[in-house]
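Source file: data-v4.txt. Holds: compact mmCIF, C-alpha atoms and all ligand atoms.
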```
# COMPACT_ATOMS: atom_id res chain seq x y z
CA MET A 1 79.99 170.89 111.23
CA THR A 2 79.87 173.96 109.03
CA THR A 3 82.85 175.97 107.93
CA THR A 4 81.83 178.95 110.02
CA SER A 5 82.14 177.03 113.27
CA ARG A 6 85.76 176.18 112.54
CA THR A 7 88.66 178.23 113.85
CA GLU A 8 91.05 180.05 111.56
CA ILE A 9 93.78 177.41 111.86
CA GLU A 10 91.27 174.64 111.11
CA ASN A 11 90.02 176.38 107.98
CA ASP A 12 93.61 177.06 106.99
CA VAL A 13 94.69 173.43 107.27
CA ILE A 14 91.75 172.24 105.16
CA ARG A 15 92.28 174.82 102.45
CA ILE A 16 96.07 174.27 102.31
CA CYS A 17 95.66 170.50 102.12
CA GLN A 18 93.31 170.94 99.15
CA GLU A 19 95.68 173.37 97.44
CA LEU A 20 98.68 171.06 97.85
CA ILE A 21 96.75 168.08 96.45
CA ARG A 22 95.75 170.16 93.40
CA ILE A 23 99.42 170.54 92.44
CA PRO A 24 100.34 167.07 91.13
CA SER A 25 103.91 166.65 92.40
CA VAL A 26 104.09 163.07 91.15
CA ASN A 27 107.24 161.05 91.61
CA TYR A 28 107.57 158.37 88.94
CA GLY A 29 110.89 157.04 90.24
CA ASP A 30 114.21 156.79 88.40
CA GLY A 31 114.73 160.49 88.91
CA LYS A 32 111.48 161.43 87.20
CA GLY A 33 109.69 163.80 89.51
CA ASP A 34 108.99 167.49 89.89
CA GLU A 35 108.29 169.30 93.12
CA LYS A 36 108.94 172.82 91.84
CA GLU A 37 105.39 174.13 91.63
CA VAL A 38 104.32 172.72 94.98
CA ALA A 39 107.57 173.97 96.57
CA GLU A 40 106.90 177.46 95.24
CA HIS A 41 103.39 177.31 96.66
CA VAL A 42 104.73 176.30 100.07
CA MET A 43 107.14 179.26 99.95
CA LYS A 44 104.24 181.57 99.08
CA LEU A 45 102.18 180.25 102.02
CA LEU A 46 105.11 181.00 104.31
CA SER A 47 105.96 184.43 102.88
CA GLU A 48 102.30 185.49 103.14
CA VAL A 49 102.74 185.55 106.91
CA GLY A 50 106.31 186.89 106.85
CA ILE A 51 108.22 183.60 107.18
CA GLU A 52 111.35 183.52 105.07
CA SER A 53 112.20 180.25 103.38
CA LYS A 54 114.80 178.97 100.97
CA MET A 55 114.58 176.54 98.09
CA TYR A 56 117.26 173.89 97.52
CA GLU A 57 117.09 172.43 94.04
CA SER A 58 119.02 169.17 93.92
CA ALA A 59 118.38 168.61 90.19
CA PRO A 60 116.17 170.46 87.71
CA GLY A 61 112.67 170.52 89.23
CA ARG A 62 113.65 168.53 92.32
CA CYS A 63 112.95 171.02 95.10
CA ASN A 64 113.36 171.08 98.85
CA VAL A 65 112.17 174.01 100.98
CA VAL A 66 113.58 175.04 104.35
CA ALA A 67 112.49 177.67 106.89
CA ARG A 68 113.96 178.13 110.34
CA ILE A 69 111.56 179.52 112.94
CA LYS A 70 113.75 181.07 115.61
CA GLY A 71 113.02 179.95 119.15
CA SER A 72 113.19 182.11 122.27
CA ASP A 73 115.72 179.90 124.07
CA SER A 74 118.90 179.51 122.02
CA SER A 75 120.37 177.13 124.61
CA ARG A 76 117.88 174.45 123.57
CA PRO A 77 118.56 172.21 120.57
CA GLY A 78 116.44 172.61 117.47
CA LEU A 79 113.62 170.35 116.32
CA VAL A 80 113.25 169.36 112.67
CA LEU A 81 109.64 169.26 111.53
CA HIS A 82 109.63 167.67 108.10
CA GLY A 83 107.34 166.47 105.38
CA HIS A 84 107.79 165.33 101.79
CA LEU A 85 106.27 167.19 98.85
CA ASP A 86 106.15 164.36 96.31
CA VAL A 87 103.37 161.81 95.89
CA VAL A 88 103.18 158.46 94.12
CA PRO A 89 101.34 158.30 90.77
CA ALA A 90 97.57 157.77 90.64
CA ASN A 91 95.66 156.03 87.84
CA ALA A 92 92.55 158.21 87.45
CA ASP A 93 90.52 155.35 85.90
CA ASP A 94 90.60 153.46 89.19
CA TRP A 95 89.45 156.40 91.28
CA SER A 96 85.94 157.62 92.06
CA CYS A 97 87.14 161.22 91.49
CA ASP A 98 89.97 163.13 89.86
CA PRO A 99 92.98 162.18 92.04
CA PHE A 100 94.19 165.78 91.93
CA SER A 101 90.88 167.50 92.61
CA GLY A 102 91.27 167.95 96.35
CA GLU A 103 87.49 167.93 96.47
CA ILE A 104 85.50 167.71 99.68
CA ARG A 105 82.91 164.95 99.72
CA ASP A 106 81.38 163.03 102.64
CA GLU A 107 83.29 165.27 105.08
CA MET A 108 86.63 164.18 103.62
CA ILE A 109 89.28 165.68 101.34
CA TRP A 110 89.95 163.39 98.38
CA GLY A 111 93.12 163.12 96.37
CA ARG A 112 96.65 161.79 96.02
CA GLY A 113 98.63 162.88 99.04
CA ALA A 114 95.62 163.23 101.37
CA VAL A 115 97.33 160.92 103.89
CA ASP A 116 100.81 160.59 102.37
CA MET A 117 101.58 163.29 103.21
CA LYS A 118 100.12 166.60 102.10
CA ASN A 119 97.86 166.38 105.14
CA MET A 120 100.89 166.70 107.45
CA ASP A 121 102.50 169.32 105.19
CA ALA A 122 99.28 171.33 105.56
CA MET A 123 99.25 170.85 109.35
CA MET A 124 102.85 172.05 109.59
CA LEU A 125 102.10 175.10 107.45
CA ALA A 126 98.86 175.95 109.23
CA THR A 127 100.62 175.77 112.60
CA VAL A 128 103.50 178.11 111.74
CA ARG A 129 101.12 180.46 109.93
CA ASP A 130 99.00 180.60 113.08
CA TRP A 131 102.10 181.40 115.13
CA ALA A 132 103.12 184.15 112.74
CA ARG A 133 99.64 185.69 112.88
CA THR A 134 99.45 185.63 116.68
CA GLY A 135 103.10 186.48 117.33
CA TYR A 136 103.76 183.20 119.14
CA VAL A 137 107.43 182.24 119.45
CA PRO A 138 108.36 178.61 120.21
CA THR A 139 111.08 177.94 122.78
CA ARG A 140 113.30 175.81 120.51
CA ASP A 141 114.23 176.56 116.95
CA ILE A 142 111.84 174.76 114.64
CA VAL A 143 113.49 173.81 111.36
CA LEU A 144 110.69 173.32 108.91
CA VAL A 145 111.73 171.16 105.96
CA PHE A 146 109.74 170.05 102.93
CA PHE A 147 111.67 167.34 101.11
CA ALA A 148 111.61 166.16 97.52
CA ASP A 149 111.77 162.54 96.35
CA GLU A 150 110.76 160.61 99.47
CA GLU A 151 108.75 158.18 97.36
CA ALA A 152 111.79 157.05 95.33
CA GLY A 153 114.55 156.68 97.86
CA SER A 154 115.03 160.34 98.87
CA ILE A 155 118.05 160.67 96.56
CA PHE A 156 117.07 164.23 95.51
CA GLY A 157 115.51 164.95 98.89
CA SER A 158 116.58 164.16 102.43
CA HIS A 159 119.73 162.20 101.52
CA TRP A 160 120.92 165.01 99.26
CA MET A 161 120.09 167.68 101.84
CA VAL A 162 121.90 165.80 104.62
CA GLU A 163 124.96 165.30 102.45
CA LYS A 164 125.14 168.69 100.70
CA HIS A 165 123.50 170.99 103.22
CA PRO A 166 124.01 169.63 106.73
CA GLU A 167 124.21 173.26 107.94
CA VAL A 168 120.42 173.46 107.58
CA PHE A 169 120.09 171.01 110.47
CA ALA A 170 122.80 172.56 112.67
CA GLY A 171 121.96 172.32 116.35
CA CYS A 172 119.01 169.98 115.84
CA THR A 173 118.76 166.79 117.87
CA GLU A 174 115.28 165.50 117.14
CA ALA A 175 112.84 165.28 114.24
CA VAL A 176 109.15 164.69 113.76
CA SER A 177 107.32 163.64 110.62
CA GLU A 178 104.92 161.17 109.02
CA VAL A 179 103.31 157.78 109.73
CA GLY A 180 102.61 158.03 113.42
CA GLY A 181 100.14 159.67 115.77
CA PHE A 182 97.09 158.15 114.05
CA SER A 183 94.41 156.31 115.98
CA VAL A 184 93.63 152.61 115.79
CA THR A 185 90.51 151.34 117.54
CA VAL A 186 91.23 147.94 119.05
CA ALA A 187 88.73 145.18 119.81
CA GLY A 188 86.64 146.40 122.74
CA GLY A 189 86.58 149.98 121.44
CA LYS A 190 89.64 151.57 123.02
CA ARG A 191 91.54 154.05 120.87
CA LEU A 192 95.31 153.64 120.62
CA TYR A 193 97.48 156.34 119.06
CA LEU A 194 100.48 154.77 117.35
CA ILE A 195 103.59 156.91 117.71
CA GLU A 196 106.43 155.74 115.50
CA THR A 197 109.65 155.18 117.46
CA ALA A 198 111.18 152.55 115.18
CA GLU A 199 111.43 151.73 111.49
CA LYS A 200 112.42 148.56 109.71
CA GLY A 201 115.55 148.73 107.59
CA ILE A 202 115.62 148.31 103.83
CA HIS A 203 117.69 146.14 101.51
CA TRP A 204 116.55 146.15 97.89
CA MET A 205 118.61 143.66 95.95
CA LYS A 206 119.00 142.50 92.40
CA LEU A 207 119.49 138.77 91.92
CA THR A 208 121.09 137.55 88.72
CA ALA A 209 121.25 133.94 87.57
CA HIS A 210 123.68 132.99 84.86
CA GLY A 211 123.37 129.95 82.65
CA ARG A 212 124.04 128.56 79.19
CA ALA A 213 122.39 130.53 76.39
CA GLY A 214 121.04 128.56 73.47
CA HIS A 215 118.21 127.47 71.21
CA GLY A 216 114.86 127.02 72.90
CA SER A 217 114.28 123.67 71.18
CA VAL A 218 117.18 121.76 72.76
CA THR A 219 117.60 120.38 76.29
CA ASN A 220 119.34 122.75 78.66
CA ASN A 221 119.94 121.94 82.32
CA GLU A 222 121.75 125.24 82.85
CA ASN A 223 118.80 127.50 82.08
CA ALA A 224 119.18 130.87 83.84
CA LEU A 225 115.42 131.41 84.03
CA THR A 226 114.86 128.07 85.71
CA ARG A 227 117.60 128.80 88.22
CA LEU A 228 116.27 132.26 88.95
CA SER A 229 112.66 131.16 89.33
CA GLU A 230 113.61 128.42 91.77
CA ALA A 231 115.53 130.94 93.84
CA ILE A 232 112.85 133.59 93.99
CA ALA A 233 110.15 131.01 94.68
CA LYS A 234 112.18 129.92 97.72
CA ILE A 235 112.53 133.53 98.87
CA GLY A 236 108.86 134.30 98.30
CA ASN A 237 107.72 131.19 100.19
CA HIS A 238 110.20 131.44 103.05
CA GLN A 239 108.68 131.49 106.53
CA TRP A 240 110.73 134.07 108.39
CA PRO A 241 111.11 133.51 112.14
CA GLN A 242 109.38 135.90 114.50
CA ARG A 243 111.84 138.51 115.82
CA TYR A 244 110.48 140.85 118.44
CA SER A 245 112.10 144.25 118.92
CA SER A 246 111.68 146.02 122.26
CA THR A 247 109.27 148.46 120.58
CA VAL A 248 107.07 145.63 119.35
CA LYS A 249 107.03 144.09 122.82
CA ALA A 250 106.09 147.40 124.44
CA PHE A 251 103.35 147.88 121.85
CA PHE A 252 101.80 144.45 122.33
CA LYS A 253 102.00 144.64 126.13
CA LYS A 254 99.78 147.69 125.86
CA VAL A 255 97.45 146.03 123.35
CA ALA A 256 97.09 143.02 125.66
CA ALA A 257 96.43 145.23 128.68
CA GLU A 258 93.82 147.35 126.89
CA THR A 259 91.97 144.40 125.32
CA GLY A 260 92.21 142.08 128.33
CA LYS A 261 93.98 139.45 126.23
CA GLU A 262 96.94 137.34 127.25
CA TYR A 263 100.45 138.62 126.54
CA ASN A 264 102.77 135.80 125.48
CA GLU A 265 106.19 137.17 124.64
CA ASN A 266 107.05 134.04 122.63
CA ASP A 267 104.15 134.46 120.25
CA LEU A 268 102.54 137.83 119.69
CA THR A 269 100.64 136.86 116.55
CA PRO A 270 97.34 136.02 118.36
CA LEU A 271 97.11 139.70 119.37
CA LEU A 272 97.20 140.89 115.74
CA SER A 273 93.50 140.16 115.38
CA GLU A 274 92.77 142.88 117.96
CA LEU A 275 94.25 145.56 115.71
CA GLY A 276 91.68 145.98 112.94
CA PHE A 277 93.08 147.68 109.83
CA ALA A 278 96.53 148.04 111.36
CA ALA A 279 97.03 144.27 111.67
CA ARG A 280 98.67 143.81 108.26
CA MET A 281 101.19 146.58 108.71
CA VAL A 282 101.98 145.67 112.31
CA GLY A 283 102.22 141.99 111.32
CA ALA A 284 105.07 142.90 109.00
CA THR A 285 107.02 144.35 111.93
CA LEU A 286 107.22 141.01 113.75
CA GLN A 287 109.70 139.50 111.30
CA ASN A 288 111.99 140.20 108.40
CA THR A 289 110.33 140.14 104.99
CA ALA A 290 111.63 139.64 101.44
CA ASN A 291 109.25 139.99 98.54
CA PRO A 292 110.25 139.42 94.92
CA THR A 293 108.94 142.48 93.05
CA MET A 294 110.49 142.61 89.56
CA LEU A 295 111.60 140.14 86.89
CA GLU A 296 113.69 140.61 83.79
CA ALA A 297 114.67 137.85 81.38
CA GLY A 298 114.58 136.81 77.77
CA TYR A 299 113.67 138.48 74.50
CA LYS A 300 112.30 135.76 72.23
CA ALA A 301 110.21 132.60 72.66
CA ASN A 302 112.82 130.25 71.16
CA VAL A 303 115.98 131.73 72.69
CA ILE A 304 117.24 130.70 76.13
CA PRO A 305 118.92 133.81 77.54
CA GLY A 306 122.32 133.61 79.22
CA SER A 307 121.11 135.44 82.30
CA ALA A 308 117.95 136.37 84.16
CA SER A 309 117.43 138.79 87.00
CA ALA A 310 114.90 139.67 89.67
CA VAL A 311 114.52 142.37 92.27
CA VAL A 312 113.71 141.52 95.88
CA ASP A 313 112.44 144.04 98.42
CA GLY A 314 114.00 142.99 101.70
CA ARG A 315 113.09 144.63 105.02
CA PHE A 316 114.73 143.88 108.33
CA ILE A 317 113.86 144.26 111.99
CA PRO A 318 116.29 146.50 113.94
CA GLY A 319 119.22 144.19 114.76
CA PHE A 320 118.42 141.51 112.16
CA GLU A 321 120.02 142.81 108.98
CA ASN A 322 122.59 139.99 108.92
CA GLU A 323 119.91 137.39 109.35
CA LEU A 324 118.09 138.76 106.31
CA ASN A 325 121.19 138.77 104.12
CA GLU A 326 122.50 135.39 105.26
CA THR A 327 119.12 133.73 104.84
CA ILE A 328 118.71 135.07 101.31
CA LYS A 329 122.20 133.80 100.42
CA SER A 330 121.50 130.33 101.75
CA LEU A 331 118.11 130.16 100.02
CA ILE A 332 119.42 130.99 96.56
CA GLY A 333 122.60 128.93 96.62
CA PRO A 334 125.98 129.76 95.07
CA ASP A 335 125.04 130.19 91.37
CA ILE A 336 123.14 133.42 91.76
CA THR A 337 124.76 136.76 92.40
CA ILE A 338 123.30 139.47 94.63
CA GLU A 339 123.79 143.14 93.99
CA THR A 340 122.56 145.80 96.40
CA ILE A 341 120.30 148.40 94.80
CA THR A 342 119.45 150.35 97.93
CA THR A 343 120.11 149.81 101.57
CA ASP A 344 118.99 151.92 104.50
CA LYS A 345 119.23 151.45 108.23
CA ALA A 346 116.62 150.33 110.72
CA LEU A 347 115.81 152.81 113.48
CA GLU A 348 114.71 152.31 117.06
CA VAL A 349 114.56 154.70 120.02
CA PRO A 350 112.96 154.29 123.45
CA PHE A 351 109.43 155.55 124.06
CA GLU A 352 110.45 158.05 126.70
CA GLY A 353 111.79 161.55 127.26
CA ASP A 354 110.40 165.07 127.13
CA LEU A 355 109.52 165.03 123.45
CA VAL A 356 107.57 161.77 123.74
CA ASP A 357 105.85 163.12 126.87
CA ALA A 358 104.82 166.21 124.89
CA MET A 359 103.34 164.04 122.11
CA CYS A 360 101.37 161.95 124.61
CA ALA A 361 100.12 165.01 126.49
CA ALA A 362 99.00 166.70 123.26
CA ILE A 363 96.96 163.65 122.25
CA LEU A 364 95.36 163.36 125.69
CA ALA A 365 94.49 167.06 125.69
CA GLU A 366 92.31 166.52 122.59
CA ASP A 367 91.24 162.91 123.23
CA PRO A 368 91.30 162.17 126.97
CA ALA A 369 90.39 158.52 126.30
CA GLY A 370 93.28 158.12 123.85
CA ILE A 371 96.10 155.69 124.63
CA PRO A 372 99.49 156.64 123.12
CA VAL A 373 101.70 153.63 122.27
CA PRO A 374 105.05 153.21 120.50
CA TYR A 375 105.16 151.20 117.29
CA VAL A 376 107.50 150.04 114.54
CA MET A 377 106.80 151.24 111.01
CA SER A 378 107.12 148.56 108.36
CA GLY A 379 108.38 151.03 105.75
CA GLY A 380 110.87 153.86 105.91
CA THR A 381 110.75 157.66 106.13
CA ASP A 382 113.12 160.60 105.74
CA ASN A 383 114.04 160.06 109.39
CA LYS A 384 116.56 157.51 108.12
CA ALA A 385 118.54 160.22 106.30
CA LEU A 386 118.40 162.56 109.30
CA ALA A 387 119.76 159.74 111.47
CA GLU A 388 123.02 160.15 109.52
CA LEU A 389 123.41 163.46 111.37
CA GLY A 390 122.57 161.86 114.72
CA ILE A 391 119.06 163.31 114.69
CA ILE A 392 116.50 161.10 116.42
CA GLY A 393 113.29 160.87 114.43
CA TYR A 394 109.71 160.08 115.37
CA GLY A 395 106.57 159.58 113.35
CA PHE A 396 103.95 161.93 114.73
CA SER A 397 101.42 163.25 112.25
CA PRO A 398 98.33 163.09 114.46
CA LEU A 399 94.97 161.96 113.06
CA LYS A 400 91.87 160.79 114.87
CA LEU A 401 90.13 158.20 112.74
CA ALA A 402 86.85 156.31 112.88
CA ALA A 403 87.20 152.67 113.91
CA ASP A 404 86.21 151.36 110.47
CA PHE A 405 88.36 153.77 108.45
CA ASP A 406 91.08 151.67 106.79
CA PHE A 407 93.81 154.28 106.91
CA MET A 408 96.69 151.96 105.99
CA ALA A 409 95.06 150.87 102.73
CA LEU A 410 95.01 154.50 101.58
CA PHE A 411 98.79 154.90 101.53
CA HIS A 412 99.59 154.80 97.79
CA GLY A 413 96.04 153.45 97.41
CA VAL A 414 92.99 154.24 95.32
CA ASP A 415 90.60 156.95 96.57
CA GLU A 416 93.13 158.29 99.06
CA ARG A 417 91.28 160.67 101.37
CA VAL A 418 91.44 162.23 104.79
CA PRO A 419 88.49 162.98 107.09
CA LEU A 420 88.10 166.71 107.80
CA GLU A 421 87.60 166.08 111.50
CA GLY A 422 90.74 163.95 111.59
CA LEU A 423 92.74 166.71 109.95
CA THR A 424 91.46 169.49 112.21
CA PHE A 425 92.06 167.28 115.25
CA GLY A 426 95.56 166.70 113.89
CA VAL A 427 96.46 170.37 113.54
CA ARG A 428 95.22 171.12 117.07
CA VAL A 429 97.33 168.27 118.48
CA LEU A 430 100.40 169.15 116.40
CA LYS A 431 100.26 172.81 117.46
CA ASP A 432 99.82 171.91 121.14
CA PHE A 433 102.68 169.41 120.92
CA LEU A 434 105.04 171.89 119.24
CA GLU A 435 104.25 174.53 121.84
CA HIS A 436 105.38 172.10 124.55
CA ALA A 437 108.19 170.37 122.61
ZN ZN B 1 105.09 159.42 102.89
```
This entry written out as structure tokens:
Amino acid sequence: MTTTSRTEIENDVIRICQELIRIPSVNYGDGKGDEKEVAEHVMKLLSEVGIESKMYESAPGRCNVVARIKGSDSSRPGLVLHGHLDVVPANADDWSCDPFSGEIRDEMIWGRGAVDMKNMDAMMLATVRDWARTGYVPTRDIVLVFFADEEAGSIFGSHWMVEKHPEVFAGCTEAVSEVGGFSVTVAGGKRLYLIETAEKGIHWMKLTAHGRAGHGSVTNNENALTRLSEAIAKIGNHQWPQRYSSTVKAFFKKVAAETGKEYNENDLTPLLSELGFAARMVGATLQNTANPTMLEAGYKANVIPGSASAVVDGRFIPGFENELNETIKSLIGPDITIETITTDKALEVPFEGDLVDAMCAAILAEDPAGIPVPYVMSGGTDNKALAELGIIGYGFSPLKLAADFDFMALFHGVDERVPLEGLTFGVRVLKDFLEHA
């Protein structure tokens, strides 16, 4: 398809996505990030069409942008439409192009943020710019928010905004953002659209083993490193029991129905093989997980240190936080202490109601053969912070993808890219959804 056959909103979303990728708003963690330039660009894209926005700087360079689009019916609660402006780092040597080029090749836009989540930021911006140009007014207030720091715990982003500026979200009951609404082609060729209605919870913990420090040449049966390695090996090798949330059950019932396979509520794992690229991510939503991710111990070959520590990334199914914590405790035994680094709640809401109906209808309007299904996200989003204000969040950033396009691998991955047709499909669906939300 050539550029000239695209509509104005479709051209806009492509161009904006490229522009956002070209501003490297990299978040290195530990407070090292900078969203200022990209935030200023977002404000310019809004002011170009007469939409007023405000910047909230939580720390030098850490920028959030908010714009409230007034709805025609003030009796209806507002809807938060949010995206994050930061991206994870990209090592250019591993990529087939400059990760911040935003170049178009093979009918795709390439670059860091192409799926996580400058694509959705661009769709949000293109939609409200289209409204401003045509004079369209939504029925509910749409609170457009671009957050900082999502990739490092949202400390300078959504958590800060919710704590320091709850007034921004006044009157809002629901929210829509990333990691949902994308298509997964199941065995047999049917296209499911995964709408995120649940998220696993997070518990990052630091484990510290203490022991007897001493010379590396003598026997030592109280070696902190030995104790720590035994503990984290147990955690890493633990077989967590299957724990099925109601969202997971609803999802697999649909998968079974659409693929003609058997649905066995006691063991859903056989159905994972029907899911193509989504199998790994969905597999992680059938149980708690705890992966050791960092190690710190020692400073010299012949010195036994007095302590050693490790970081474990724990994730729990809604309702199974205690099981995660208790299991970890029993695996490591009494000699190792656990300190919480970060904890965040699991989310789960039913796949029903007017907003969900509007999402499903918008997908079907553009892809009549599409099958919307609810799913649990294995990671977390800024919806967790908004939940503190009682706002119910969904993941709905629509994308129609080819069956063999491994979308999940591109999140934080090498050669992150988004198909142009997926993106233009997405903006049409998002606009239609918001006009019926
Ligand atoms: Zn993201």
Exercise. How would you write, as a ChimeraX atom specification, the set of residues no farther than 12 Å from ligand ZN 1 (chain B) when counting all atoms listed in the file?
Worked result: /A:27,82-88,112-121,146-154,177-180,377,379-383,395,397,408,410-412
Output the selection as a compact mmCIF listing (two decimals), in the frame of the given file - C-alpha atoms for each residue.
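Saved as again23.txt:
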```txt
# COMPACT_ATOMS: atom_id res chain seq x y z
CA ASN A 27 107.24 161.05 91.61
CA HIS A 82 109.63 167.67 108.10
CA GLY A 83 107.34 166.47 105.38
CA HIS A 84 107.79 165.33 101.79
CA LEU A 85 106.27 167.19 98.85
CA ASP A 86 106.15 164.36 96.31
CA VAL A 87 103.37 161.81 95.89
CA VAL A 88 103.18 158.46 94.12
CA ARG A 112 96.65 161.79 96.02
CA GLY A 113 98.63 162.88 99.04
CA ALA A 114 95.62 163.23 101.37
CA VAL A 115 97.33 160.92 103.89
CA ASP A 116 100.81 160.59 102.37
CA MET A 117 101.58 163.29 103.21
CA LYS A 118 100.12 166.60 102.10
CA ASN A 119 97.86 166.38 105.14
CA MET A 120 100.89 166.70 107.45
CA ASP A 121 102.50 169.32 105.19
CA PHE A 146 109.74 170.05 102.93
CA PHE A 147 111.67 167.34 101.11
CA ALA A 148 111.61 166.16 97.52
CA ASP A 149 111.77 162.54 96.35
CA GLU A 150 110.76 160.61 99.47
CA GLU A 151 108.75 158.18 97.36
CA ALA A 152 111.79 157.05 95.33
CA GLY A 153 114.55 156.68 97.86
CA SER A 154 115.03 160.34 98.87
CA SER A 177 107.32 163.64 110.62
CA GLU A 178 104.92 161.17 109.02
CA VAL A 179 103.31 157.78 109.73
CA GLY A 180 102.61 158.03 113.42
CA MET A 377 106.80 151.24 111.01
CA GLY A 379 108.38 151.03 105.75
CA GLY A 380 110.87 153.86 105.91
CA THR A 381 110.75 157.66 106.13
CA ASP A 382 113.12 160.60 105.74
CA ASN A 383 114.04 160.06 109.39
CA GLY A 395 106.57 159.58 113.35
CA SER A 397 101.42 163.25 112.25
CA MET A 408 96.69 151.96 105.99
CA LEU A 410 95.01 154.50 101.58
CA PHE A 411 98.79 154.90 101.53
CA HIS A 412 99.59 154.80 97.79
```
Kindly assemble as JSON lines a list of the range 334-424 of chain A residues that lie within 7 Å of range 186-193 of chain A, each paired with its nearest atom pair and their distance in Å to one decimal, using all atoms listed in the file, sorted first by chain and then by ascending residue number.
```
{"residue": "A:Gly370", "atom": "CA", "partner": "A:Arg191", "partner_atom": "CA", "distance": 5.3}
{"residue": "A:Ile371", "atom": "CA", "partner": "A:Leu192", "partner_atom": "CA", "distance": 4.6}
{"residue": "A:Pro372", "atom": "CA", "partner": "A:Tyr193", "partner_atom": "CA", "distance": 4.5}
{"residue": "A:Val373", "atom": "CA", "partner": "A:Tyr193", "partner_atom": "CA", "distance": 6.0}
```
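For the residues A:Asp357, A:Asp406, A:Glu35, A:Asp344, ranking by smallest atom-to-atom distance to His436 in chain A using all atoms listed in the file places A:Asp357 first.
Atom pair CA of Ser330 in chain A / CA of Gln239 in chain A has a distance of 13.7 Å (rounded to one decimal).
Using only C-alpha atoms, the set of residues no farther than 8 Å from the position (89.6, 145.8, 114.3) comprises A:Thr185, A:Val186, A:Ala187, A:Ser273, A:Glu274, A:Leu275, A:Gly276, A:Phe277, A:Ala278, A:Ala403, A:Asp404.
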For this session: May I have the residues within 6 Å of range 96-109 of chain A as a list in words, using only C-alpha atoms and disregarding those fewer than 2 positions away in the same chain?
Result: Gln18, Ile21, Arg22, Gly111, Arg112, Arg417, Val418, Pro419 and Leu420 of chain A
Problem set entry | Residues within 8 Å of range 245-260 of chain A, all atoms listed in the file, excluding chain neighbours under 6 positions, as a ChimeraX atom specification | /A:186-188,190,197-198,268,271,274,285-286,317-318,348,350-351,373-376
Exercise. What lies within 10 Å of Arg315 in chain A using all atoms listed in the file, ignoring chain neighbours under 5 positions off, as a ChimeraX atom specification?
Worked result: /A:199-204,284-285,287-291,320-321,324,343-346,378-380
Problem set entry | Residue neighbourhood range 155-170 of chain A, 8 Å, only C-alpha atoms, exclusion window fewer than 6 positions, as a list in words | Gly31, Ser58, Ala59, Arg62, Cys63, Asn64, Val66, Gly78, Val80, Val143, Phe147, Ala148, Asp149, Asp382, Ala385, Leu386, Glu388 and Leu389 of chain A
Seminar exercise, completed: Computed gap from CA of Glu262 in chain A to CA of Leu401 in chain A is 26.3 Å
If I wrap all listed atoms of range 277-294 of chain A in a box with edges along x, y and z and add 5 Å on each side, what are its centre and edge lengths in Å to one decimal, as lines of an AutoDock Vina configuration file?
```
center_x = 102.5
center_y = 143.7
center_z = 101.7
size_x = 28.9
size_y = 18.6
size_z = 34.2
```
